[in-house]
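So the structure is just underneath, and the comments pick up after that.
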Amino acid sequence: MIQGSIVALVTPMFDNGDVDKDSLKKLVEFHIQQGTDAIVAMGTTGESATLNEHEHMDVVASVIDYVAGQIPVIAGTGANSTSEAISLTKAAKEVGADACLLVTPYYNKPTQEGLYLHYKAVAEAVDIPQILYNVPGRTACDMLPETIARLAKIERIVGVKEATGELSRVAILRDLCGDDFAIYTGDDATSCEFCLLGGNGTITVSGNVAPRLVHEMISAAINGDQETATRIDANLTGLHTQLFIQSNPIPVKWAVAEMGLMKKGIRLPLTWLTDDCFDKVRSAMQQAQVL
């Protein structure tokens, strides 16, 4: 089971929107050095919605190449078309991903039965560990714990990224799905409490900026060390808030560029962080002692 601080990696770009492979390699090396436990390539934070399929898989393959087996790589392969999700998941397996993360179909608002059949179809089509991803704030679709429990019985579905921020779901999902099913949070602000309650880790935006601190905090929380986990998390609260002052990944890309790890590039319809937000994000970075 993959556990700990799993960074939802930003995708470095030039100012024209092209992917910056040199900076991508630099970021991967940075995360390995800083103790990040695993990388999600081409999740929401990686701007998966604006890269075409060729670019998408090129980024995934590049991250796998740069990691060179040192930590697990999870490929974001979700789509609101089941056939597209299957195609992306097959491609991720072919380039050597350790697992795939599949967001609930967005915009078309499927029923709970539709969600079940969607994920079942992907799991039956591709022999690779698959992690469900529930983020209703992005998709307008909440996958209920009972549906997740049905899916947890399917071979190859090994976990869920639960990004509702509802801490009560940890105990509910653990009871319904058992100890062998991985439960990750996708909400940085509650990640400490989530893991203290029995979660297996976080798929984190804040970890792009303060990977060492997030790794140490999550490790302490998973091991039940509440005092250490909450002490470290106190230095991260600014990031947990200010990295969402505008739509993710706008603030986090600005922060990573400010650290000198990549250039200033993002793809429309997203735009670069507005200058009225600079001081707020910079202050959060100073609180986390990364500036």
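Here, A, B, ... name the chains of the structure tokens in the order displayed, residue numbers run from 1 inside each chain, and ligands are numbered from 1 in the same displayed order.
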### Query
So which residues touch Ile71 (chain A) within 10 Å, counting only C-alpha atoms, skipping near sequence neighbours fewer than 4 positions away, as a PyMOL selection string?
chain A and resi 2+6+31-32+35-39+64+67+98
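Each of A:Val28, A:Val252, A:Leu117, A:Ala85 was compared to Asp65 (chain A) using only C-alpha atoms, and A:Val28 turns out to be the nearest.
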### Task
Name the residues in contact with region 129-138 of chain A at a cut-off of 7 Å, using only C-alpha atoms, excluding same-chain residues fewer than 6 positions from it; report them as a PyMOL selection string.
chain A and resi 99-104+156-164
Using N, CA and C atoms, can you export the residues from the last selection as an mmCIF file, in the first residue's frame?
data_model
loop_
_atom_site.group_PDB
_atom_site.id
_atom_site.type_symbol
_atom_site.label_atom_id
_atom_site.label_comp_id
_atom_site.auth_asym_id
_atom_site.auth_seq_id
_atom_site.Cartn_x
_atom_site.Cartn_y
_atom_site.Cartn_z
ATOM 1 N N ALA A 99 0.385 2.946 -10.205
ATOM 2 C CA ALA A 99 -1.056 2.939 -9.944
ATOM 3 C C ALA A 99 -1.669 4.081 -10.740
ATOM 4 N N CYS A 100 -2.993 4.118 -10.770
ATOM 5 C CA CYS A 100 -3.703 5.200 -11.446
ATOM 6 C C CYS A 100 -4.716 5.828 -10.497
ATOM 7 N N LEU A 101 -4.927 7.124 -10.686
ATOM 8 C CA LEU A 101 -5.897 7.891 -9.909
ATOM 9 C C LEU A 101 -6.968 8.375 -10.867
ATOM 10 N N LEU A 102 -8.220 8.005 -10.593
ATOM 11 C CA LEU A 102 -9.306 8.295 -11.525
ATOM 12 C C LEU A 102 -10.382 9.142 -10.867
ATOM 13 N N VAL A 103 -10.466 10.400 -11.299
ATOM 14 C CA VAL A 103 -11.467 11.313 -10.773
ATOM 15 C C VAL A 103 -12.860 10.866 -11.211
ATOM 16 N N THR A 104 -13.857 11.169 -10.389
ATOM 17 C CA THR A 104 -15.230 10.881 -10.797
ATOM 18 C C THR A 104 -15.556 11.667 -12.070
ATOM 19 N N ARG A 156 -8.337 -4.819 -8.107
ATOM 20 C CA ARG A 156 -7.601 -3.711 -8.722
ATOM 21 C C ARG A 156 -8.014 -2.344 -8.179
ATOM 22 N N ILE A 157 -9.184 -2.212 -7.557
ATOM 23 C CA ILE A 157 -9.534 -0.936 -6.932
ATOM 24 C C ILE A 157 -9.028 -0.986 -5.499
ATOM 25 N N VAL A 158 -7.985 -0.190 -5.217
ATOM 26 C CA VAL A 158 -7.228 -0.377 -3.974
ATOM 27 C C VAL A 158 -7.373 0.767 -2.982
ATOM 28 N N GLY A 159 -8.007 1.869 -3.397
ATOM 29 C CA GLY A 159 -8.109 2.990 -2.476
ATOM 30 C C GLY A 159 -8.956 4.107 -3.023
ATOM 31 N N VAL A 160 -9.075 5.165 -2.214
ATOM 32 C CA VAL A 160 -9.857 6.336 -2.616
ATOM 33 C C VAL A 160 -9.168 7.600 -2.116
ATOM 34 N N LYS A 161 -9.175 8.618 -2.957
ATOM 35 C CA LYS A 161 -8.808 9.966 -2.544
ATOM 36 C C LYS A 161 -10.107 10.687 -2.236
ATOM 37 N N GLU A 162 -10.321 10.968 -0.968
ATOM 38 C CA GLU A 162 -11.572 11.578 -0.496
ATOM 39 C C GLU A 162 -11.319 13.059 -0.243
ATOM 40 N N ALA A 163 -11.825 13.896 -1.148
ATOM 41 C CA ALA A 163 -11.508 15.323 -1.092
ATOM 42 C C ALA A 163 -12.710 16.183 -0.732
ATOM 43 N N THR A 164 -13.616 15.633 0.066
ATOM 44 C CA THR A 164 -14.762 16.421 0.515
ATOM 45 C C THR A 164 -14.412 17.301 1.710
#
#### Entry: Selection near Val63 (chain A), 12 Å with only C-alpha atoms, sequence-local residues under 5 positions removed, as a ChimeraX atom specification
/A:9-12,21-29,31-32,38-42,46,56-58,68-75,92,95-98
Contact residues around Ser83 (chain A) with only C-alpha atoms at 12 Å, ignoring same-chain residues under 5 positions, as a PDB file with C-alpha atoms, in the first residue's frame:
ATOM      1  CA  THR A  77      -6.144   8.863 -15.785  1.00  0.00           C
ATOM      2  CA  GLY A  78      -9.697   9.929 -14.967  1.00  0.00           C
ATOM      3  CA  LEU A  88      -5.564   6.675 -20.475  1.00  0.00           C
ATOM      4  CA  THR A  89      -5.299   3.943 -17.848  1.00  0.00           C
ATOM      5  CA  LYS A  90      -4.027   1.446 -20.418  1.00  0.00           C
ATOM      6  CA  PRO A 105     -16.700  11.810 -14.199  1.00  0.00           C
ATOM      7  CA  HIS A 118     -17.835   3.388 -14.808  1.00  0.00           C
ATOM      8  CA  TYR A 119     -15.139   2.351 -12.340  1.00  0.00           C
ATOM      9  CA  ALA A 121     -15.455  -1.084 -16.432  1.00  0.00           C
ATOM     10  CA  VAL A 122     -12.030   0.523 -16.029  1.00  0.00           C
ATOM     11  CA  ALA A 125     -10.229  -3.469 -18.620  1.00  0.00           C
ATOM     12  CA  VAL A 126      -6.794  -2.654 -17.153  1.00  0.00           C
TER      13      VAL A 126
END
### Message
Can you tell me, as a ChimeraX atom specification, which residues in region 151-242 of chain A count as helix (DSSP H, G or I) by DSSP?
### Response
/A:151-152,168-177,188-196,206-208,211-222,226-234,237-242
Output C-alpha atoms of each residue in that selection to a file, as a PDB file, in the first residue's frame.
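Output file again_28.pdb follows:
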ATOM      1  CA  LEU A 151     -16.156  -0.665  -5.595  1.00  0.00           C
ATOM      2  CA  ALA A 152     -13.675  -1.667  -2.873  1.00  0.00           C
ATOM      3  CA  SER A 168     -16.470  11.797   9.449  1.00  0.00           C
ATOM      4  CA  ARG A 169     -15.932   9.867   6.231  1.00  0.00           C
ATOM      5  CA  VAL A 170     -12.666   8.376   7.479  1.00  0.00           C
ATOM      6  CA  ALA A 171     -14.387   6.151  10.033  1.00  0.00           C
ATOM      7  CA  ILE A 172     -17.311   5.433   7.714  1.00  0.00           C
ATOM      8  CA  LEU A 173     -15.060   4.334   4.860  1.00  0.00           C
ATOM      9  CA  ARG A 174     -12.765   2.338   7.132  1.00  0.00           C
ATOM     10  CA  ASP A 175     -15.755   0.479   8.557  1.00  0.00           C
ATOM     11  CA  LEU A 176     -17.267  -0.175   5.133  1.00  0.00           C
ATOM     12  CA  CYS A 177     -14.080  -0.953   3.197  1.00  0.00           C
ATOM     13  CA  ASP A 188      -4.776  19.873   2.754  1.00  0.00           C
ATOM     14  CA  ALA A 189      -6.503  21.885   5.471  1.00  0.00           C
ATOM     15  CA  THR A 190      -7.776  18.739   7.224  1.00  0.00           C
ATOM     16  CA  SER A 191      -4.991  16.319   6.230  1.00  0.00           C
ATOM     17  CA  CYS A 192      -3.428  16.211   9.702  1.00  0.00           C
ATOM     18  CA  GLU A 193      -6.701  15.325  11.416  1.00  0.00           C
ATOM     19  CA  PHE A 194      -7.632  12.937   8.599  1.00  0.00           C
ATOM     20  CA  CYS A 195      -4.497  10.854   9.079  1.00  0.00           C
ATOM     21  CA  LEU A 196      -4.721  10.983  12.873  1.00  0.00           C
ATOM     22  CA  SER A 206       0.891  22.089  -0.162  1.00  0.00           C
ATOM     23  CA  GLY A 207       3.489  19.374  -0.613  1.00  0.00           C
ATOM     24  CA  ASN A 208       4.607  21.060  -3.840  1.00  0.00           C
ATOM     25  CA  PRO A 211       7.456  18.716   0.810  1.00  0.00           C
ATOM     26  CA  ARG A 212       9.705  17.990   3.780  1.00  0.00           C
ATOM     27  CA  LEU A 213       7.278  19.472   6.314  1.00  0.00           C
ATOM     28  CA  VAL A 214       4.241  17.767   4.789  1.00  0.00           C
ATOM     29  CA  HIS A 215       6.059  14.425   4.748  1.00  0.00           C
ATOM     30  CA  GLU A 216       7.069  14.779   8.402  1.00  0.00           C
ATOM     31  CA  MET A 217       3.604  15.908   9.473  1.00  0.00           C
ATOM     32  CA  ILE A 218       1.777  13.108   7.678  1.00  0.00           C
ATOM     33  CA  SER A 219       4.257  10.500   8.879  1.00  0.00           C
ATOM     34  CA  ALA A 220       3.707  11.597  12.476  1.00  0.00           C
ATOM     35  CA  ALA A 221      -0.076  11.600  12.040  1.00  0.00           C
ATOM     36  CA  ILE A 222      -0.159   8.122  10.507  1.00  0.00           C
ATOM     37  CA  GLN A 226      -0.621  13.902  17.549  1.00  0.00           C
ATOM     38  CA  GLU A 227       1.689  16.365  19.296  1.00  0.00           C
ATOM     39  CA  THR A 228       4.331  16.283  16.560  1.00  0.00           C
ATOM     40  CA  ALA A 229       1.827  16.233  13.720  1.00  0.00           C
ATOM     41  CA  THR A 230      -0.153  19.219  14.993  1.00  0.00           C
ATOM     42  CA  ARG A 231       3.010  21.181  15.817  1.00  0.00           C
ATOM     43  CA  ILE A 232       4.330  20.773  12.284  1.00  0.00           C
ATOM     44  CA  ASP A 233       0.929  21.410  10.729  1.00  0.00           C
ATOM     45  CA  ALA A 234       0.743  24.769  12.509  1.00  0.00           C
ATOM     46  CA  THR A 237      -1.836  26.347   7.845  1.00  0.00           C
ATOM     47  CA  GLY A 238      -1.028  29.411   5.751  1.00  0.00           C
ATOM     48  CA  LEU A 239      -0.164  27.290   2.735  1.00  0.00           C
ATOM     49  CA  HIS A 240      -3.272  25.148   3.198  1.00  0.00           C
ATOM     50  CA  THR A 241      -5.324  28.351   2.913  1.00  0.00           C
ATOM     51  CA  GLN A 242      -3.430  30.660   0.570  1.00  0.00           C
TER      52      GLN A 242
END
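Straight-line separation from CA of Gly4 (chain A) to CA of Gln34 (chain A): 13.1 Å.
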### Task
Please give the complete set of residues from region 178-230 of chain A that DSSP, run on the backbone, assigns to strand (DSSP E or B), formatted as a list in words.
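Secondary structure check on region 178-230 of chain A, strand (DSSP E or B): Ala182, Ile183, Tyr184, Thr185, Gly201, Thr202, Ile203 and Thr204 of chain A.
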### Task
Quick one: everything within 12 Å of Ile266 (chain A), counting only C-alpha atoms, minus sequence neighbours fewer than 3 positions away in the same chain. Send it as a PyMOL selection string.
chain A and resi 10-20+45-48+50-51+248-254+257+262-263+269-273
Output C-alpha atoms for every residue in the selection just made, as a PDB file, in the first residue's frame.
ATOM      1  CA  VAL A  10       2.420  20.770 -10.847  1.00  0.00           C
ATOM      2  CA  THR A  11       3.358  20.613 -14.529  1.00  0.00           C
ATOM      3  CA  PRO A  12       6.072  23.208 -15.270  1.00  0.00           C
ATOM      4  CA  MET A  13       5.484  25.235 -18.426  1.00  0.00           C
ATOM      5  CA  PHE A  14       7.096  28.004 -20.407  1.00  0.00           C
ATOM      6  CA  ASP A  15       5.222  31.286 -20.781  1.00  0.00           C
ATOM      7  CA  ASN A  16       3.717  30.024 -24.063  1.00  0.00           C
ATOM      8  CA  GLY A  17       2.193  27.021 -22.277  1.00  0.00           C
ATOM      9  CA  ASP A  18       4.575  24.353 -23.581  1.00  0.00           C
ATOM     10  CA  VAL A  19       5.696  21.757 -21.026  1.00  0.00           C
ATOM     11  CA  ASP A  20       9.136  22.483 -19.566  1.00  0.00           C
ATOM     12  CA  THR A  45      -2.908  20.207  -9.993  1.00  0.00           C
ATOM     13  CA  GLY A  46      -0.943  19.041 -13.030  1.00  0.00           C
ATOM     14  CA  GLU A  47      -3.473  20.724 -15.339  1.00  0.00           C
ATOM     15  CA  SER A  48      -4.656  17.443 -16.822  1.00  0.00           C
ATOM     16  CA  THR A  50      -5.789  21.331 -20.609  1.00  0.00           C
ATOM     17  CA  LEU A  51      -3.187  18.873 -21.930  1.00  0.00           C
ATOM     18  CA  ASN A 248      -5.745  25.508  -7.986  1.00  0.00           C
ATOM     19  CA  PRO A 249      -3.092  25.311  -9.429  1.00  0.00           C
ATOM     20  CA  ILE A 250      -2.787  29.080  -9.973  1.00  0.00           C
ATOM     21  CA  PRO A 251      -1.312  29.971  -6.530  1.00  0.00           C
ATOM     22  CA  VAL A 252       0.856  26.863  -6.178  1.00  0.00           C
ATOM     23  CA  LYS A 253       2.468  27.367  -9.584  1.00  0.00           C
ATOM     24  CA  TRP A 254       3.318  30.944  -8.597  1.00  0.00           C
ATOM     25  CA  ALA A 257       8.179  29.562  -9.513  1.00  0.00           C
ATOM     26  CA  MET A 262      10.287  26.450 -12.551  1.00  0.00           C
ATOM     27  CA  LYS A 263       9.358  29.290 -14.882  1.00  0.00           C
ATOM     28  CA  PRO A 269      -8.314  29.232 -19.280  1.00  0.00           C
ATOM     29  CA  LEU A 270      -6.203  29.464 -16.115  1.00  0.00           C
ATOM     30  CA  THR A 271      -4.166  32.641 -15.734  1.00  0.00           C
ATOM     31  CA  TRP A 272      -1.126  33.610 -13.667  1.00  0.00           C
ATOM     32  CA  LEU A 273      -1.676  34.651 -10.041  1.00  0.00           C
TER      33      LEU A 273
END
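With CA of Val60 (chain A) on one side and CA of Ala91 (chain A) on the other, the separation reads 9.6 Å.
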### Message
Excluding Val290 (chain A) and its own-chain neighbours fewer than 3 positions away, which residues fall within 7 Å of it when counting only C-alpha atoms? Please give them as an MDAnalysis selection string.
### Response
chainID A and resid 210 285:286
Selection to disk with C-alpha atoms, as a PDB file, in the first residue's frame:
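After the write, again_15.pdb holds the following:
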ATOM      1  CA  ALA A 210       6.894  22.403   1.571  1.00  0.00           C
ATOM      2  CA  MET A 285       5.639  30.400   2.357  1.00  0.00           C
ATOM      3  CA  GLN A 286       7.636  32.309   4.963  1.00  0.00           C
TER       4      GLN A 286
END
### Between CA of Glu124 (chain A) and CA of Ile183 (chain A) - distance in Å to one decimal
21.3 Å
